[in-house]
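This report concerns only the one structure given below.
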Amino acid sequence: MAGTKSPEDAYTAAPFVPRGADLDALREAAAGCHGCPLHRDTTQTVFGAGDPDARVVLVGEQPGDQEDRQGRPFVGPAGKVLGRALDEAGIDPNETYITNAVKHFKFTHVPERGKRRIHKPPSLRELSACGPWLEAELELIGPEVVVALGATAGKALLGSSFRVTEQRGTRLEGDPSGPARGALIVPTIHPSAVLRADDREAVYEGLVADLRVAAEALG
């Protein structure tokens, strides 16, 4: 019918988030989310995973190529960096819950790089559209500490004025009306920044230092 809009045109996942659902039901519902156009070209929704009783939740930007193919967050190279950094910082990776602010892989193709799918940062509109899923996850888990991995995650949790270079490694109070519901938020860089850095060891040590702030907050 001419003029009829599809759900993705509204740029909000809210109609797809079931009320009163547990994490398994949320994950199942998220698989059918058409709250924004990002679902069109991806393999699948990549929902959060980990300990449902976790005291600390780690929030990244969006799934990458490997995550999109496997359907789980942080299973690629950045995930390996993060797991090692958490362990060094004194946080057991098995006692965390990890998710992304955006649940679909946004990518582009660069002709000189063949068929490889190149990561493209989500827009603020896409970030906002996916917000109801993150809010629902955090409300169910009720973590004491939320680690924002990178600028996009920080914006999702703390607003568009967030700057990771200025606020990383600090303890910030979450907005009672925001997705973190008053939890302590510790921002840091995304672990993929380590992989892109010229001086990987120094950047990695900075990530570990920031994660130690989260570990100390947990007591």
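Letters A, B, ... mark the chains of the structure tokens in the order given; residue numbers begin at 1 per chain; ligand numbers begin at 1, in order shown.
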Checklist line | Selection: 7 Å around segment 91-99 of chain A, only C-alpha atoms, excl. self and same-chain fewer than 6 positions, as a ChimeraX atom specification | finding: /A:47-52,54-60,73,83,215
Next item on the list: Please report, as a PyMOL selection string, each residue of chain A to which DSSP assigns strand (DSSP E) when run on this structure's backbone.
Entry: chain A and resi 49-50+56-60+96-100+107-109+117-119+145-149+172-173+184-188
Writing out the chosen residues with C-alpha atoms as a compact mmCIF listing (two decimals), in the first residue's frame:
```txt
# COMPACT_ATOMS: atom_id res chain seq x y z
CA ALA A 49 25.77 -13.15 26.76
CA GLY A 50 27.29 -14.16 30.06
CA VAL A 56 29.60 -6.05 36.26
CA VAL A 57 28.28 -5.59 32.74
CA LEU A 58 30.53 -4.63 29.85
CA VAL A 59 28.96 -2.65 27.01
CA GLY A 60 30.66 -2.37 23.63
CA THR A 96 30.58 -10.83 33.68
CA TYR A 97 27.79 -10.13 31.22
CA ILE A 98 28.81 -8.58 27.93
CA THR A 99 26.70 -6.88 25.32
CA ASN A 100 26.71 -4.10 22.75
CA PHE A 107 29.46 -2.27 7.72
CA THR A 108 30.50 -1.00 4.34
CA HIS A 109 32.46 -2.39 1.41
CA ARG A 117 32.97 -6.17 5.35
CA ILE A 118 34.48 -3.06 6.94
CA HIS A 119 33.13 -1.82 10.28
CA VAL A 145 29.20 -1.53 37.76
CA VAL A 146 28.81 -0.96 34.02
CA VAL A 147 31.98 -0.65 31.93
CA ALA A 148 31.52 1.45 28.81
CA LEU A 149 33.90 0.16 26.15
CA LEU A 172 30.61 8.15 37.01
CA GLU A 173 27.17 7.92 38.49
CA LEU A 184 28.39 3.10 38.68
CA ILE A 185 29.76 3.58 35.16
CA VAL A 186 33.46 3.22 34.37
CA PRO A 187 34.36 4.27 30.81
CA THR A 188 37.40 3.01 28.94
```
Next item on the list: Using backbone DSSP assignments, extract all alpha helix (DSSP H) residues from segment 62-178 of chain A; output them as a PyMOL selection string.
Entry: chain A and resi 65-70+77-89+124-141+151-158+164-167
Next item on the list: Tell me, as a VMD selection string, which residues lie within 7 Å of Val102 of chain A, counting only C-alpha atoms; anything in the same chain fewer than 4 positions away does not count.
Entry: chain A and resid 61 to 62 127 130
Residue selection dump (C-alpha atoms) as an mmCIF file, in the first residue's frame:
```cif
data_model
loop_
_atom_site.group_PDB
_atom_site.id
_atom_site.type_symbol
_atom_site.label_atom_id
_atom_site.label_comp_id
_atom_site.auth_asym_id
_atom_site.auth_seq_id
_atom_site.Cartn_x
_atom_site.Cartn_y
_atom_site.Cartn_z
ATOM 1 C CA GLU A 61 29.688 -0.568 20.453
ATOM 2 C CA GLN A 62 28.283 -3.157 18.051
ATOM 3 C CA LEU A 127 22.189 4.004 18.798
ATOM 4 C CA CYS A 130 18.605 0.069 19.848
#
```
Next item on the list: Kindly give the distance, in Å, that separates atom CA of Ala31 of chain A and atom CA of Ala136 of chain A, rounded to a single decimal.
Entry: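 Between atom CA of Ala31 of chain A and atom CA of Ala136 of chain A the gap works out to 14.7 Å.
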Notebook entry, point to check: Smallest atom-to-atom distance to Glu139 of chain A: which of A:Glu216, A:Asp53, A:Glu28, A:Asp41, using only C-alpha atoms?
Noted result: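 Closest residue, counting only C-alpha atoms: A:Asp53.
Each of A:Leu38, A:Ala180, A:Ala14, A:Leu195 was checked against Pro121 of chain A using only C-alpha atoms; the smallest atom-to-atom distance is that of A:Leu38.
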Note to self: Taking only C-alpha atoms into account, name the residue in A:Gly206, A:Gly131, A:Leu158, A:Cys36 that is nearest to Pro176 of chain A.
What the structure shows: A:Leu158
Next item on the list: One decimal, Å: what's the distance from atom CA of Val81 of chain A over to atom CA of Lys103 of chain A, could you say?
Entry: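 Interatomic distance here is 20.4 Å.
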